[in-house]
Amino acid sequence: MKNDMLRITKRTISLFAVITIAVILSIVAVGWWVASQIDKEASEEQSRLASAGLDALVEKLPKTQESVTIWSDAVEAARANDEAWLSENLVEWMGEFYGYQRVYLLDASDRAVRAARDGKLVPDARFLSDEPALAPLIEALRRDMAQAVVGRGDTNEALSTVFVSDFVAFPDGSVAGVSIRPLVGTGADPVQSPGTEYLQVVAQTLNDDVSKELGNRFGLRNLAFIEGDRAREIGPWLKVRNKAGEVLGGFTWTPHRPAGALLKAVGPFAVAGLVCAGLLVILLMIRLRGMSDDLAVSKAKAQHMAFYDSLTGIPNRALFQDRLVHALEVAKREGAQIAVHYLDLDGFKHVNDTLGHPVGDRLLVEVAKRLVLIGRASDTIARLSGDEFAIIQTGVANDNDAEILSRRVIDELGRPFDLDGDHASVGASIGVALSRASDSGDDMLRKADIALYQAKESGRGCFQVFVEDMDDIVRKRRAIGRELKRALERQEDLQFVYEPIHGGRKGNLVGVQAQLRWEHSDYTDVRSEIIVAIAETSGLITQLGEYALNAICAFAASCDVPWVSVPMTPAHFQNERLADRILEIISAHGIDPGRVCFEIRNGERLRHSERVRNCLAQLRSAGVGIVLTCFSTDNVSLNYLREHGVDKLKVDRAFINALGSVTEARSIIGALVNLVHTLKIGMVVEGVETVEEYEMLKDIGCTEFQGPLISPALAPGQMRSLLACSSSGMTYDDGDRAKVGGF
């Protein structure tokens, strides 16, 4: 009996062991299969994402060409070989703006008339080296064009949608997405006979930058492009084929296998824990199911991150552009109109600099919330980048509808923001573009961007609706920017004149104010403030500032002028070493720092800035003078004077205009005289035009003057002659014009 029981026990244990082992093996087999399926699905999803990104890259090329190839001006410029226009709008510009490595313009015989590599003009021979690779596409496009224009006298309308695109392997070993489109007019003019059309070729190389962009966008680790079949030896890959089916290369990446990684971690414990087999089965199944759910969540999260801004939660640029294309298609189909509002926050950088980036981020979130409340459910509110937002407004009946929305946005964003105890005030400048039947998404954004630029130039805190002549204005400003850069590189054309400042009862010359003049055949009428504004937007302000200070210090070293005042804009203070660089230049010219003073504008852009305060303190401690300009009744601030410390105030012309008509003007200027005496600083009155004004100001107590009555601005040679023969005292001639010394 005992042996029978032992046999039964052994059999039971053996059976239990067999069952346990079978269960474990089954669990392992099922787990391995499930894990492999999950990893396979993850790998397939990664391949689909990479393939979608590659398709989007190829589809983008001909779309970006539409704005310049369907353009009557482009056809005429190509025929006339207008090199400046072609460079700015059709060839080098495409490389600079879109980052295309190759851009070629071909004539009707498919010869290169202009070639660019990486946004720079290159010899036509560079195209000849690429011609064998491009020839099949060019021939295919010419055939398609010939078929499209059969029976037509003019090719513009027939060829507006004809293009070819494909992947091409170039002789230098690189592989690129290539698109070729003909240049056609936007209407009947200019007339083009079949076969006379010029072609534009653009190529985007599949390089590290493209791989990095696709990898970051779709979460593919170590994504890289490799020519030929070598990608097979490295890991998962996505073949890149041309339309003939030839494999030109492939993308490879480090695959993410979440299930496989998990099984490696828990597998040893499952084998070792035979006694916990049942529990491990349950835990493993739960974990595997959770892992599958995580994959779904991860996929949804990746899709959300690809199309929504991570900070504000509203659509990003990618989703905005997709919805813009869709909105335009709906508008064209229904004969309706949409508007794009391009927003830029005024004063956002000041908030970041003074309150810190965390507060700046909270401000962006609050701005997004206000914009969402303003917009309708059918509108799209998006953050494009930094402090730039955009709105797609649908169902626009006329210009007034768009203007109403822009005014609401400006009013709402103009209200102060309470950011968890920190208070910030910003504004908004807006560019508005209204759609036309022929507009693409890129057209709308380009026009809105140009209108935004004009809004900023108009003083910020306003909106501008795009009109056609704005293109000419922007082109002119670009041309001025290029000429300004050349002038700074050549160290010529930019000159300075000097307006005398006299003081005391005898009218002695006490100093001069430097003023910029541009001796350029085309831009002599461009005001100095416009030159400075263009320098700021072109990134030339530091270079212009150093050129100006060197020229002015050289003038001061060449004569006995008591001191020279130099204008300074808020943009100069972006340079953290501004004070050190100023003192280096002054020392290099061997002049006393006390003979140089800087004029800064009293305004919000310089308030509460630690960088400005430290810079001015360093300059003043070295002996450099500081003059506060634009000092008028609407911005007098003792706190401002106390915070920054200045040596002199310059009274605005607005006070002078009021002297003869406003009784309080004398009292206000008298109060300013008492203020500067109390603070022990100087004061200059600018813009004095008549003897009556001059005498009245002297009676009030003013001692230093400049303006048309005193003297116009003089060239350096004239100023030196004046200093050489100047004598104390002031007299008036029959024209009631004040003369300093011998002038």
# chains A, B, ... in the order shown; residues from 1 in each chain; ligands from 1
$ select_by_dssp --residues "stretch 427-570 of chain A" --states "strand (DSSP E)" --output "ChimeraX atom specification"
/A:427-434,463-465,494-503,508-518,564-567
$ residues_around --residues "stretch 109-118 of chain A" --least-positions-apart "4" --cutoff "9 Å" --atoms "only C-alpha atoms" --output "ChimeraX atom specification"
/A:78,81,83,86-87,91-92,95-96,99-105,122-128,138,195-196,198-199
$ write_last_selection --atoms "N, CA, C and O atoms" --output "compact mmCIF listing (two decimals), in the first residue's frame"
# COMPACT_ATOMS: atom_id res chain seq x y z
N ALA A 78 13.75 85.42 -66.65
CA ALA A 78 14.57 84.36 -67.23
C ALA A 78 14.92 84.69 -68.68
O ALA A 78 16.06 84.51 -69.12
N ASN A 81 17.43 87.29 -68.75
CA ASN A 81 18.62 86.94 -67.96
C ASN A 81 18.93 88.02 -66.93
O ASN A 81 20.07 88.47 -66.79
N GLU A 83 20.01 88.85 -63.88
CA GLU A 83 20.74 88.05 -62.89
C GLU A 83 20.35 88.41 -61.47
O GLU A 83 20.20 87.53 -60.62
N LEU A 86 16.87 86.94 -60.79
CA LEU A 86 16.93 85.48 -60.71
C LEU A 86 17.59 85.02 -59.43
O LEU A 86 17.17 84.05 -58.81
N SER A 87 18.65 85.74 -59.01
CA SER A 87 19.33 85.36 -57.76
C SER A 87 18.41 85.55 -56.57
O SER A 87 18.35 84.69 -55.71
N VAL A 91 16.74 81.34 -57.98
CA VAL A 91 17.82 80.35 -57.94
C VAL A 91 18.48 80.35 -56.55
O VAL A 91 18.15 79.53 -55.70
N GLU A 92 19.41 81.31 -56.28
CA GLU A 92 20.08 81.29 -54.98
C GLU A 92 19.09 81.38 -53.83
O GLU A 92 19.26 80.75 -52.79
N GLY A 95 17.73 78.13 -52.63
CA GLY A 95 18.68 77.38 -51.80
C GLY A 95 18.79 77.96 -50.41
O GLY A 95 18.86 77.23 -49.43
N GLU A 96 18.81 79.31 -50.31
CA GLU A 96 18.93 79.94 -49.00
C GLU A 96 17.69 79.71 -48.16
O GLU A 96 17.78 79.40 -46.97
N GLY A 99 16.86 75.58 -48.15
CA GLY A 99 17.97 74.70 -47.85
C GLY A 99 18.26 73.67 -48.93
O GLY A 99 18.88 72.64 -48.65
N TYR A 100 17.81 73.93 -50.18
CA TYR A 100 18.09 72.98 -51.27
C TYR A 100 19.57 73.06 -51.65
O TYR A 100 20.13 74.15 -51.82
N GLN A 101 20.18 71.88 -51.82
CA GLN A 101 21.61 71.85 -52.13
C GLN A 101 21.89 72.19 -53.60
O GLN A 101 22.94 72.74 -53.92
N ARG A 102 20.95 71.86 -54.49
CA ARG A 102 21.14 72.14 -55.92
C ARG A 102 19.92 72.87 -56.45
O ARG A 102 18.79 72.43 -56.22
N VAL A 103 20.14 73.98 -57.16
CA VAL A 103 19.07 74.69 -57.86
C VAL A 103 19.63 75.12 -59.22
O VAL A 103 20.66 75.80 -59.28
N TYR A 104 18.96 74.67 -60.31
CA TYR A 104 19.42 75.02 -61.65
C TYR A 104 18.27 75.65 -62.42
O TYR A 104 17.11 75.26 -62.27
N LEU A 105 18.59 76.62 -63.28
CA LEU A 105 17.64 77.22 -64.22
C LEU A 105 18.10 76.86 -65.62
O LEU A 105 19.23 77.20 -66.02
N VAL A 122 27.27 79.07 -58.64
CA VAL A 122 28.41 78.24 -59.06
C VAL A 122 28.48 78.25 -60.58
O VAL A 122 27.51 78.58 -61.27
N PRO A 123 29.63 77.86 -61.15
CA PRO A 123 29.75 77.80 -62.62
C PRO A 123 28.78 76.79 -63.22
O PRO A 123 28.39 75.80 -62.57
N ASP A 124 28.40 77.04 -64.47
CA ASP A 124 27.47 76.14 -65.15
C ASP A 124 28.04 74.73 -65.27
O ASP A 124 27.30 73.76 -65.44
N ALA A 125 29.37 74.61 -65.18
CA ALA A 125 29.99 73.29 -65.31
C ALA A 125 29.52 72.35 -64.20
O ALA A 125 29.53 71.13 -64.37
N ARG A 126 29.14 72.91 -63.07
CA ARG A 126 28.64 72.05 -61.98
C ARG A 126 27.37 71.35 -62.42
O ARG A 126 27.07 70.24 -61.98
N PHE A 127 26.55 72.03 -63.27
CA PHE A 127 25.35 71.37 -63.77
C PHE A 127 25.72 70.27 -64.77
O PHE A 127 25.08 69.21 -64.80
N LEU A 128 26.75 70.53 -65.58
CA LEU A 128 27.13 69.52 -66.57
C LEU A 128 27.52 68.21 -65.90
O LEU A 128 27.27 67.12 -66.44
N ILE A 138 14.48 65.28 -67.19
CA ILE A 138 14.25 66.43 -68.08
C ILE A 138 13.53 65.98 -69.35
O ILE A 138 12.57 66.61 -69.81
N GLY A 195 7.67 74.54 -76.26
CA GLY A 195 9.07 74.21 -76.44
C GLY A 195 10.02 75.33 -76.09
O GLY A 195 11.24 75.14 -76.10
N THR A 196 9.48 76.53 -75.74
CA THR A 196 10.35 77.66 -75.40
C THR A 196 10.44 77.88 -73.91
O THR A 196 11.05 78.85 -73.46
N TYR A 198 11.41 77.77 -69.98
CA TYR A 198 12.56 77.53 -69.12
C TYR A 198 12.14 76.53 -68.03
O TYR A 198 10.96 76.42 -67.69
N LEU A 199 13.10 75.83 -67.47
CA LEU A 199 12.84 74.84 -66.42
C LEU A 199 13.62 75.20 -65.16
O LEU A 199 14.76 75.68 -65.25
$ closest_residue --among "A:Asn550, A:Thr380, A:Gln543, A:Asn575" --to "A:Val612" --atoms "only C-alpha atoms"
A:Asn575
$ residues_around --residues "stretch 493-503 of chain A" --least-positions-apart "2" --cutoff "7 Å" --atoms "only C-alpha atoms" --output "PyMOL selection string"
chain A and resi 487+505+507-520+703-706+711-716
$ write_last_selection --atoms "N, CA and C atoms" --output "mmCIF file, in the first residue's frame"
data_model
loop_
_atom_site.group_PDB
_atom_site.id
_atom_site.type_symbol
_atom_site.label_atom_id
_atom_site.label_comp_id
_atom_site.auth_asym_id
_atom_site.auth_seq_id
_atom_site.Cartn_x
_atom_site.Cartn_y
_atom_site.Cartn_z
ATOM 1 N N ALA A 487 28.389 98.233 -48.103
ATOM 2 C CA ALA A 487 28.984 99.504 -47.677
ATOM 3 C C ALA A 487 29.821 99.317 -46.414
ATOM 4 N N ARG A 505 25.498 132.031 -22.267
ATOM 5 C CA ARG A 505 24.986 133.297 -22.795
ATOM 6 C C ARG A 505 25.782 133.768 -24.007
ATOM 7 N N GLY A 507 27.119 131.807 -26.278
ATOM 8 C CA GLY A 507 26.947 130.922 -27.431
ATOM 9 C C GLY A 507 28.179 130.145 -27.810
ATOM 10 N N ASN A 508 29.002 129.756 -26.827
ATOM 11 C CA ASN A 508 30.186 128.962 -27.138
ATOM 12 C C ASN A 508 29.785 127.572 -27.629
ATOM 13 N N LEU A 509 30.592 127.019 -28.524
ATOM 14 C CA LEU A 509 30.377 125.655 -28.989
ATOM 15 C C LEU A 509 30.767 124.695 -27.868
ATOM 16 N N VAL A 510 29.818 123.885 -27.411
ATOM 17 C CA VAL A 510 30.089 122.968 -26.301
ATOM 18 C C VAL A 510 30.166 121.517 -26.763
ATOM 19 N N GLY A 511 29.691 121.219 -27.957
ATOM 20 C CA GLY A 511 29.722 119.850 -28.442
ATOM 21 C C GLY A 511 29.008 119.734 -29.768
ATOM 22 N N VAL A 512 29.001 118.526 -30.330
ATOM 23 C CA VAL A 512 28.321 118.267 -31.596
ATOM 24 C C VAL A 512 27.591 116.938 -31.503
ATOM 25 N N GLN A 513 26.561 116.804 -32.313
ATOM 26 C CA GLN A 513 25.815 115.545 -32.402
ATOM 27 C C GLN A 513 26.102 114.909 -33.758
ATOM 28 N N ALA A 514 26.570 113.653 -33.750
ATOM 29 C CA ALA A 514 26.861 112.934 -34.992
ATOM 30 C C ALA A 514 25.569 112.426 -35.610
ATOM 31 N N GLN A 515 25.453 112.580 -36.937
ATOM 32 C CA GLN A 515 24.267 112.124 -37.667
ATOM 33 C C GLN A 515 24.717 111.349 -38.903
ATOM 34 N N LEU A 516 24.086 110.217 -39.159
ATOM 35 C CA LEU A 516 24.469 109.316 -40.246
ATOM 36 C C LEU A 516 23.919 109.809 -41.581
ATOM 37 N N ARG A 517 24.753 109.732 -42.620
ATOM 38 C CA ARG A 517 24.338 110.019 -43.989
ATOM 39 C C ARG A 517 24.883 108.896 -44.892
ATOM 40 N N TRP A 518 24.076 108.517 -45.886
ATOM 41 C CA TRP A 518 24.487 107.440 -46.805
ATOM 42 C C TRP A 518 24.679 108.054 -48.183
ATOM 43 N N GLU A 519 25.934 108.120 -48.614
ATOM 44 C CA GLU A 519 26.262 108.675 -49.929
ATOM 45 C C GLU A 519 26.129 107.576 -50.982
ATOM 46 N N HIS A 520 24.901 107.191 -51.259
ATOM 47 C CA HIS A 520 24.624 106.120 -52.221
ATOM 48 C C HIS A 520 23.739 106.694 -53.322
ATOM 49 N N THR A 703 20.370 126.496 -21.181
ATOM 50 C CA THR A 703 21.722 126.978 -21.476
ATOM 51 C C THR A 703 22.364 126.314 -22.687
ATOM 52 N N GLU A 704 21.849 125.194 -23.146
ATOM 53 C CA GLU A 704 22.450 124.524 -24.295
ATOM 54 C C GLU A 704 21.388 124.279 -25.352
ATOM 55 N N PHE A 705 21.757 124.564 -26.647
ATOM 56 C CA PHE A 705 20.765 124.553 -27.724
ATOM 57 C C PHE A 705 21.364 123.930 -28.985
ATOM 58 N N GLN A 706 20.460 123.367 -29.806
ATOM 59 C CA GLN A 706 20.820 122.947 -31.151
ATOM 60 C C GLN A 706 19.571 123.047 -32.018
ATOM 61 N N SER A 711 22.650 126.024 -36.316
ATOM 62 C CA SER A 711 23.465 125.618 -37.467
ATOM 63 C C SER A 711 22.914 124.327 -38.030
ATOM 64 N N PRO A 712 23.016 124.146 -39.341
ATOM 65 C CA PRO A 712 22.698 122.824 -39.892
ATOM 66 C C PRO A 712 23.831 121.847 -39.550
ATOM 67 N N ALA A 713 23.628 120.607 -39.833
ATOM 68 C CA ALA A 713 24.682 119.613 -39.658
ATOM 69 C C ALA A 713 25.773 119.870 -40.696
ATOM 70 N N LEU A 714 27.035 119.768 -40.272
ATOM 71 C CA LEU A 714 28.167 120.104 -41.123
ATOM 72 C C LEU A 714 29.007 118.868 -41.419
ATOM 73 N N ALA A 715 29.601 118.856 -42.616
ATOM 74 C CA ALA A 715 30.532 117.793 -42.963
ATOM 75 C C ALA A 715 31.767 117.902 -42.076
ATOM 76 N N PRO A 716 32.546 116.814 -41.917
ATOM 77 C CA PRO A 716 33.715 116.863 -41.030
ATOM 78 C C PRO A 716 34.671 118.009 -41.361
#
$ closest_residue --among "A:Pro358, A:Gly594, A:Pro416, A:Gly545" --to "A:Pro562" --atoms "only C-alpha atoms"
A:Gly594
$ select_by_dssp --residues "stretch 50-209 of chain A" --states "alpha helix (DSSP H)" --output "PyMOL selection string"
chain A and resi 50-69+72-80+83-89+92-98+125-148+156-159+208-209
$ residues_around --residues "stretch 440-454 of chain A" --least-positions-apart "2" --cutoff "6 Å" --atoms "only C-alpha atoms" --output "list in words"
Leu324, Val325, Tyr342, Ile430, Gly431, Val432, Ala433, Lys456, Glu457, Gln464, Val465 and Phe466 of chain A
$ residues_around --residues "A:Val178" --least-positions-apart "2" --cutoff "10 Å" --atoms "only C-alpha atoms" --output "ChimeraX atom specification"
/A:58,61-62,100,102-103,134,137,164-169,175-176,180,201-205
$ atom_distance --atom1 "atom CA of A:Asp130" --atom2 "atom CA of A:Phe170"
6.1 Å
$ atom_distance --atom1 "atom CA of A:Val474" --atom2 "atom CA of A:Ala327"
27.2 Å
$ atom_distance --atom1 "atom CA of A:Leu549" --atom2 "atom CA of A:Pro708"
24.9 Å
$ closest_residue --among "A:Ala554, A:Ala50, A:Asp344, A:Tyr308" --to "A:Lys212" --atoms "only C-alpha atoms"
A:Ala50
$ residues_around --residues "stretch 139-151 of chain A" --least-positions-apart "6" --cutoff "7 Å" --atoms "only C-alpha atoms" --output "list of chain:residue names"
A:Ala158, A:Leu159, A:Val162, A:Phe163, A:Val164, A:Pro194
$ closest_residue --among "A:Leu345, A:Leu616, A:Val624, A:Ala671" --to "A:Glu576" --atoms "only C-alpha atoms"
A:Leu616
$ residues_around --residues "A:Gly313" --least-positions-apart "5" --cutoff "10 Å" --atoms "only C-alpha atoms" --output "ChimeraX atom specification"
/A:304-305,307-308,365,368-369,382-383
$ closest_residue --among "A:Leu121, A:Pro570, A:Asn614, A:Ser621" --to "A:Leu583" --atoms "only C-alpha atoms"
A:Ser621
